[in-house]
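*Asks:* Starting off with a structure, shown below.
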Amino acid sequence: MKKQGKIGGIILTVAFCVVSLFWIMPIVQVLINSFKTNAGINVSGLAGVMNSGEPCPDHSKDKTKKSTPALLQEVLSCCDTALQAVEMLKKMVKAGDYSHGEKGSIFFFMDTKEGYICEFTPKVFTVQKYECGYAVRANIWQNPGMLIHSRSSIRRYLDSSARAHSAYDGLNKILEKYGKISPLNIFELSRHHQMPEESTQKRSLCFKHTNSGNTLEVDRQYPDVLSTGYFTIGHVRNTVYVPIPVCVEKVLPAMADYSWGDAAFKRLKEQGFTSPLPEAWLKYEKDFMEKYNNAKARARKLLDAGKRAEAIKLLNDTAYSIWLEAERVLKK
């Protein structure tokens with residue numbers, strides 16, 4: 001999480017976690033209700049992401065209980081702030097309506113003011129609050145009181161620690177070079193797939209089981225219109241990022257019927273995840289960010305003038321044109 005200017009946005013990124021697709025607002029959920037909610041933003045400016053934690057002795061495999069995507073979807077449907085999200089999630093877990101196989105979980109919540117990382121098992125729930133800076137989690141717990149509940153092997157622990165270090169190291173270098181962290185920086189970092197030669201661990205932020213990536217940007221001034229999720233529908237090195245505004249009204253059929261993701265995983269199977277990204281893809285992402293940021297700036301002025309409907313239409317039209325361009329670029 002990184003704080004920005006008074007009317008800018010704050011970014012929550014889990015650009016290297018496993019994500020099935022997205023949940024932005026109810027109208028889109030009707031279109032893609034067969035997908036699991038592993039990350040999303042709601043119209044109150046609440047962003048959330050879930051991820052697997054560590055193997056634990058008090059796990060629950062009861063499939064009649066809520067899965068972690070189901071928990072996240074319910075929280076995003078009911079809560080307006082990150083603190084409300086934490087309290088609701090804690091209540092559901094404590095009530096025993098939670099299952100994550102043999103592992104515990106890690107949840108990230110952020111609103112326009114603060115962020116929280118929740119780490120828990122069916123019996124233990126811990127919370128860390130963040131007001132600035134950034135924090136990284138791979139698939140191991142770091143909140144105080146959680147290590148005693150871990151049953152990770154040394155191999156798994158070192159693997160996650162190395163990937164977390166890669167994220168910290170990458171973010172630190174971005175800040176040192178640019179003085180800020182932008183979505184484009186996150187896109188690049190999410191595709192990092194090589195560890196330093198001196199590292200005994202080989203998996204970096206991106207590896208063959210990285211299903212997709214996402215970066216969620218919450219706007220401070222107009223979270224219900226200008227907040228945006230940036231997603232890859234498929235492996236991060238075998239497809240491109242697309243922007244999806246929180247006020248989205250429809251998506252391309254290929255974004256919701258598995259075909260976009262299927263094409264990405266076909267490329268993964270044929271090319272692997274270490275092949276160089278086409279320059280056309282990188283140019284597309286740079287160009288779409290410029291186009292989309294310009295549209296957001298114009299939409300902000302429309303919102304300042306009380307023209308909400310025009311602002312929403314502008315963002316939807318811009319996003320749709322970007323998706324069409326993404327389809328064209330991917331088919332080359």
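Numbering starts fresh at 1 for the residues of each chain in the structure tokens, the chains themselves are lettered A, B, ... in the order given, and ligands are numbered from 1 as they appear.
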Could you please write out, as a compact mmCIF listing (two decimals) with C-alpha atoms, in the first residue's frame, every residue of stretch 108-208 of chain A that DSSP assigns to strand (DSSP E)?
*Replies:*
# COMPACT_ATOMS: atom_id res chain seq x y z
CA PHE A 108 -5.64 -7.65 2.51
CA PHE A 109 -8.11 -4.75 2.95
CA MET A 110 -7.64 -1.09 2.08
CA GLY A 115 -5.09 -0.79 5.24
CA TYR A 116 -5.05 -4.07 7.17
CA ILE A 117 -3.52 -7.51 6.70
CA CYS A 118 -5.44 -10.35 8.35
CA GLU A 119 -3.77 -13.71 8.91
CA PHE A 120 -5.83 -16.51 10.37
CA PHE A 125 -7.36 -14.43 13.87
CA THR A 126 -4.68 -11.69 13.83
CA VAL A 127 -4.63 -8.19 12.30
CA GLN A 128 -1.90 -5.71 11.38
CA LYS A 129 -2.79 -2.11 10.54
CA TYR A 130 -0.92 0.00 7.95
*Asks:* Fewer than 5 positions away in the same chain doesn't count, so skip those; otherwise give me all residues within 10 Å of stretch 271-274 of chain A, counting only C-alpha atoms, as a list in words.
*Replies:*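 The neighbour list is Arg191, His192, His193, Gln194, Cys206, Phe207, Lys208, His209, Thr210, His235, Val236, Arg237, Asn238, Phe265 and Lys266 of chain A.
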*Asks:* Can you list, as a PDB file with C-alpha atoms, in the first residue's frame, all residues belonging to stretch 41-287 of chain A that DSSP tags as helix (DSSP H, G or I)?
*Replies:*
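For reference, out36.pdb as written:
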ATOM      1  CA  THR A  68     -12.159 -17.714   1.098  1.00  0.00           C
ATOM      2  CA  PRO A  69     -13.471 -16.262  -2.218  1.00  0.00           C
ATOM      3  CA  ALA A  70     -17.019 -16.517  -0.826  1.00  0.00           C
ATOM      4  CA  LEU A  71     -15.948 -14.707   2.343  1.00  0.00           C
ATOM      5  CA  LEU A  72     -14.331 -11.920   0.328  1.00  0.00           C
ATOM      6  CA  GLN A  73     -17.367 -11.490  -1.898  1.00  0.00           C
ATOM      7  CA  GLU A  74     -19.666 -11.191   1.116  1.00  0.00           C
ATOM      8  CA  VAL A  75     -17.376  -8.657   2.779  1.00  0.00           C
ATOM      9  CA  LEU A  76     -17.115  -6.512  -0.361  1.00  0.00           C
ATOM     10  CA  SER A  77     -20.891  -6.669  -0.763  1.00  0.00           C
ATOM     11  CA  CYS A  78     -21.608  -5.483   2.791  1.00  0.00           C
ATOM     12  CA  ALA A  82     -11.368  -1.592   5.686  1.00  0.00           C
ATOM     13  CA  LEU A  83     -12.029  -1.729   9.446  1.00  0.00           C
ATOM     14  CA  GLN A  84     -15.612  -2.888   8.849  1.00  0.00           C
ATOM     15  CA  ALA A  85     -14.260  -5.538   6.496  1.00  0.00           C
ATOM     16  CA  VAL A  86     -11.829  -6.807   9.137  1.00  0.00           C
ATOM     17  CA  GLU A  87     -14.539  -6.993  11.789  1.00  0.00           C
ATOM     18  CA  MET A  88     -16.998  -8.783   9.507  1.00  0.00           C
ATOM     19  CA  LEU A  89     -14.383 -11.281   8.324  1.00  0.00           C
ATOM     20  CA  LYS A  90     -13.303 -11.958  11.903  1.00  0.00           C
ATOM     21  CA  LYS A  91     -16.910 -12.548  12.944  1.00  0.00           C
ATOM     22  CA  MET A  92     -17.498 -15.075  10.137  1.00  0.00           C
ATOM     23  CA  VAL A  93     -14.261 -16.949  10.846  1.00  0.00           C
ATOM     24  CA  LYS A  94     -14.918 -17.042  14.596  1.00  0.00           C
ATOM     25  CA  LEU A 147       4.177 -18.507  13.589  1.00  0.00           C
ATOM     26  CA  ILE A 148       3.234 -20.922  16.356  1.00  0.00           C
ATOM     27  CA  HIS A 149       0.365 -22.115  14.163  1.00  0.00           C
ATOM     28  CA  ILE A 154      11.661 -25.379   5.625  1.00  0.00           C
ATOM     29  CA  ARG A 155      11.583 -25.605   1.828  1.00  0.00           C
ATOM     30  CA  ARG A 156       8.177 -23.896   1.654  1.00  0.00           C
ATOM     31  CA  TYR A 157       9.174 -21.271   4.209  1.00  0.00           C
ATOM     32  CA  LEU A 158      12.386 -20.355   2.380  1.00  0.00           C
ATOM     33  CA  ASP A 159      10.589 -20.299  -0.974  1.00  0.00           C
ATOM     34  CA  SER A 160       7.964 -17.811   0.259  1.00  0.00           C
ATOM     35  CA  SER A 161      10.585 -15.731   2.091  1.00  0.00           C
ATOM     36  CA  ALA A 162      12.679 -15.443  -1.072  1.00  0.00           C
ATOM     37  CA  ARG A 163       9.667 -14.378  -3.154  1.00  0.00           C
ATOM     38  CA  ALA A 164       8.695 -11.794  -0.519  1.00  0.00           C
ATOM     39  CA  HIS A 165      12.257 -10.444  -0.557  1.00  0.00           C
ATOM     40  CA  SER A 166      12.083 -10.125  -4.350  1.00  0.00           C
ATOM     41  CA  ALA A 167       8.974  -7.983  -3.960  1.00  0.00           C
ATOM     42  CA  TYR A 168      10.524  -5.760  -1.266  1.00  0.00           C
ATOM     43  CA  ASP A 169      13.730  -5.420  -3.252  1.00  0.00           C
ATOM     44  CA  GLY A 170      11.827  -4.549  -6.423  1.00  0.00           C
ATOM     45  CA  LEU A 171       9.623  -1.958  -4.688  1.00  0.00           C
ATOM     46  CA  ASN A 172      12.634  -0.374  -3.001  1.00  0.00           C
ATOM     47  CA  LYS A 173      14.440  -0.051  -6.330  1.00  0.00           C
ATOM     48  CA  ILE A 174      11.354   1.473  -7.972  1.00  0.00           C
ATOM     49  CA  LEU A 175      11.087   4.090  -5.221  1.00  0.00           C
ATOM     50  CA  GLU A 176      14.809   4.816  -5.395  1.00  0.00           C
ATOM     51  CA  LYS A 177      14.632   5.317  -9.164  1.00  0.00           C
ATOM     52  CA  TYR A 178      11.295   7.093  -9.611  1.00  0.00           C
ATOM     53  CA  PRO A 183       0.723   0.637 -11.834  1.00  0.00           C
ATOM     54  CA  LEU A 184       3.160   0.273 -14.747  1.00  0.00           C
ATOM     55  CA  ASN A 185       5.960  -0.376 -12.262  1.00  0.00           C
ATOM     56  CA  ILE A 186       3.837  -3.049 -10.620  1.00  0.00           C
ATOM     57  CA  PHE A 187       3.055  -4.666 -13.973  1.00  0.00           C
ATOM     58  CA  GLU A 188       6.774  -5.015 -14.644  1.00  0.00           C
ATOM     59  CA  LEU A 189       7.573  -6.270 -11.145  1.00  0.00           C
ATOM     60  CA  SER A 190       4.774  -8.847 -11.245  1.00  0.00           C
ATOM     61  CA  PRO A 223     -13.772   6.236  -5.060  1.00  0.00           C
ATOM     62  CA  ASP A 224     -17.141   5.199  -6.504  1.00  0.00           C
ATOM     63  CA  VAL A 225     -16.206   6.296 -10.032  1.00  0.00           C
ATOM     64  CA  LEU A 226     -12.453   6.698 -10.464  1.00  0.00           C
ATOM     65  CA  PRO A 253     -17.584 -11.566 -23.617  1.00  0.00           C
ATOM     66  CA  ALA A 254     -14.075 -13.019 -23.834  1.00  0.00           C
ATOM     67  CA  MET A 255     -13.248 -11.479 -20.443  1.00  0.00           C
ATOM     68  CA  ALA A 256     -16.050 -13.409 -18.741  1.00  0.00           C
ATOM     69  CA  SER A 259     -11.764 -17.707 -23.549  1.00  0.00           C
ATOM     70  CA  TRP A 260      -9.376 -14.813 -22.733  1.00  0.00           C
ATOM     71  CA  GLY A 261      -7.796 -16.814 -19.924  1.00  0.00           C
ATOM     72  CA  ASP A 262      -7.798 -20.019 -21.954  1.00  0.00           C
ATOM     73  CA  ALA A 263      -5.817 -18.276 -24.695  1.00  0.00           C
ATOM     74  CA  ALA A 264      -3.282 -17.056 -22.130  1.00  0.00           C
ATOM     75  CA  PHE A 265      -2.757 -20.532 -20.700  1.00  0.00           C
ATOM     76  CA  LYS A 266      -2.449 -21.957 -24.192  1.00  0.00           C
ATOM     77  CA  ARG A 267       0.401 -19.496 -24.796  1.00  0.00           C
ATOM     78  CA  LEU A 268       1.895 -20.530 -21.437  1.00  0.00           C
ATOM     79  CA  LYS A 269       1.823 -24.187 -22.480  1.00  0.00           C
ATOM     80  CA  GLU A 270       3.336 -23.490 -25.890  1.00  0.00           C
ATOM     81  CA  GLN A 271       5.887 -20.808 -24.958  1.00  0.00           C
ATOM     82  CA  GLU A 279       7.419  -5.371 -27.382  1.00  0.00           C
ATOM     83  CA  ALA A 280       3.933  -4.725 -28.772  1.00  0.00           C
ATOM     84  CA  TRP A 281       2.427  -5.852 -25.457  1.00  0.00           C
ATOM     85  CA  LEU A 282       4.631  -3.539 -23.418  1.00  0.00           C
ATOM     86  CA  LYS A 283       3.912  -0.615 -25.756  1.00  0.00           C
ATOM     87  CA  TYR A 284       0.179  -1.325 -25.487  1.00  0.00           C
ATOM     88  CA  GLU A 285       0.341  -1.204 -21.666  1.00  0.00           C
ATOM     89  CA  LYS A 286       2.293   2.046 -21.662  1.00  0.00           C
ATOM     90  CA  ASP A 287      -0.097   3.597 -24.182  1.00  0.00           C
TER      91      ASP A 287
END
*Asks:* Ranking A:Ser227, A:Ser199, A:Ser105, A:Thr232 by minimum distance to A:Ser212 and counting only C-alpha atoms, which one comes first?
*Replies:*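 Going through A:Ser227, A:Ser199, A:Ser105, A:Thr232 one by one, the smallest distance to A:Ser212 is for A:Thr232.
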*Asks:* What's the separation between atom CA of A:Glu249 and atom CA of A:Lys66, in Å to one decimal place?
*Replies:*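 Distance between the two atoms: 27.9 Å.
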*Asks:* Choose the residue, out of A:Leu46, A:Ile233, A:Ala297, A:Ala135, that has the smallest atom-to-atom separation from A:Leu314; count only C-alpha atoms.
*Replies:*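 Among the listed residues, the smallest separation from A:Leu314 belongs to A:Ala297.
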*Asks:* I'd like the neighbourhood of stretch 322-328 of chain A as JSON, numbers by chain, where a residue qualifies if any of its atoms comes within 9 Å (using only C-alpha atoms), though same-chain residues fewer than 4 positions away should be ignored.
*Replies:* {"A": [240, 241, 242, 243, 251, 252, 260, 281, 284, 285, 288, 291, 292, 317, 318, 332]}
*Asks:* How about saving the chosen residues, C-alpha atoms kept, as a short mmCIF file (atom, residue, chain, number, x, y, z; two decimals), in the first residue's frame?
*Replies:*
data_model
loop_
_atom_site.label_atom_id
_atom_site.label_comp_id
_atom_site.auth_asym_id
_atom_site.auth_seq_id
_atom_site.Cartn_x
_atom_site.Cartn_y
_atom_site.Cartn_z
CA VAL A 240 -1.56 -8.18 -21.00
CA TYR A 241 -3.02 -6.05 -18.23
CA VAL A 242 -6.38 -4.35 -18.74
CA PRO A 243 -8.00 -1.55 -16.70
CA VAL A 251 -17.17 -6.31 -20.15
CA LEU A 252 -16.16 -8.05 -23.34
CA TRP A 260 -9.38 -14.81 -22.73
CA TRP A 281 2.43 -5.85 -25.46
CA TYR A 284 0.18 -1.33 -25.49
CA GLU A 285 0.34 -1.20 -21.67
CA PHE A 288 -3.25 2.42 -22.42
CA LYS A 291 -4.92 7.05 -22.41
CA TYR A 292 -6.73 5.86 -19.30
CA ASP A 317 -16.05 4.05 -23.32
CA THR A 318 -12.32 4.47 -22.72
CA LYS A 332 -0.94 -10.60 -33.52
#
*Asks:* Mind giving me the straight-line distance from atom CA of A:Leu330 to atom CA of A:Ala39 in Å, one decimal?
*Replies:* 23.9 Å
*Asks:* Would you mind telling me which residue in A:Leu205, A:Val124, A:Ile181, A:Leu277 lies nearest to A:Asn143 when using only C-alpha atoms?
*Replies:*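 With only C-alpha atoms as the atom set, the closest residue is A:Val124.
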*Asks:* So that I can check the surroundings of A:Lys313, please list as a list in words every protein, DNA and RNA residue that reaches within 12 Å of it, counting only C-alpha atoms and ignoring chain neighbours fewer than 2 positions away.
*Replies:*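 The neighbour list is Val225, Leu226, Pro245, Cys247, Val248, Glu249, Lys250, Ala295, Lys296, Arg298, Ala299, Leu302, Leu303, Lys307, Arg308, Ala309, Glu310, Ala311, Leu315, Asn316, Asp317, Thr318, Ala319 and Tyr320 of chain A.
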*Asks:* Residues as selected, C-alpha atoms, written as a JSON list (two decimals), in the first residue's frame, can you do that?
*Replies:*
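This is the output file selection_1.json:
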[["chain", "number", "residue", "atom", "x", "y", "z"],
["A", 225, "VAL", "CA", -16.21, 6.30, -10.03],
["A", 226, "LEU", "CA", -12.45, 6.70, -10.46],
["A", 245, "PRO", "CA", -13.10, 0.97, -13.62],
["A", 247, "CYS", "CA", -18.13, 2.06, -12.44],
["A", 248, "VAL", "CA", -17.88, -0.55, -15.21],
["A", 249, "GLU", "CA", -21.20, -1.39, -16.85],
["A", 250, "LYS", "CA", -20.21, -4.30, -19.11],
["A", 295, "ALA", "CA", -9.61, 9.90, -19.33],
["A", 296, "LYS", "CA", -9.59, 9.81, -15.53],
["A", 298, "ARG", "CA", -11.18, 14.48, -17.70],
["A", 299, "ALA", "CA", -13.66, 12.42, -15.70],
["A", 302, "LEU", "CA", -16.71, 16.27, -15.03],
["A", 303, "LEU", "CA", -17.32, 15.02, -11.49],
["A", 307, "LYS", "CA", -21.66, 15.61, -14.36],
["A", 308, "ARG", "CA", -21.41, 12.10, -12.90],
["A", 309, "ALA", "CA", -23.21, 10.29, -15.73],
["A", 310, "GLU", "CA", -20.87, 11.84, -18.31],
["A", 311, "ALA", "CA", -17.83, 10.85, -16.26],
["A", 315, "LEU", "CA", -14.51, 5.87, -18.38],
["A", 316, "ASN", "CA", -16.61, 3.00, -19.71],
["A", 317, "ASP", "CA", -16.05, 4.05, -23.32],
["A", 318, "THR", "CA", -12.32, 4.47, -22.72],
["A", 319, "ALA", "CA", -11.94, 1.12, -20.98],
["A", 320, "TYR", "CA", -13.93, -0.66, -23.68]]
*Asks:* Choose the residue, out of A:Cys56, A:Ala47, A:Ala305, A:Ile244, that has the smallest atom-to-atom separation from A:His100; count only C-alpha atoms.
*Replies:*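 Among the listed residues, A:Cys56 lies closest to A:His100.
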*Asks:* Compare A:Tyr258, A:Tyr134, A:Trp141, A:Phe231 by their minimum atom-to-atom distance to A:Glu114, counting only C-alpha atoms, and give me the closest one.
*Replies:* A:Tyr134
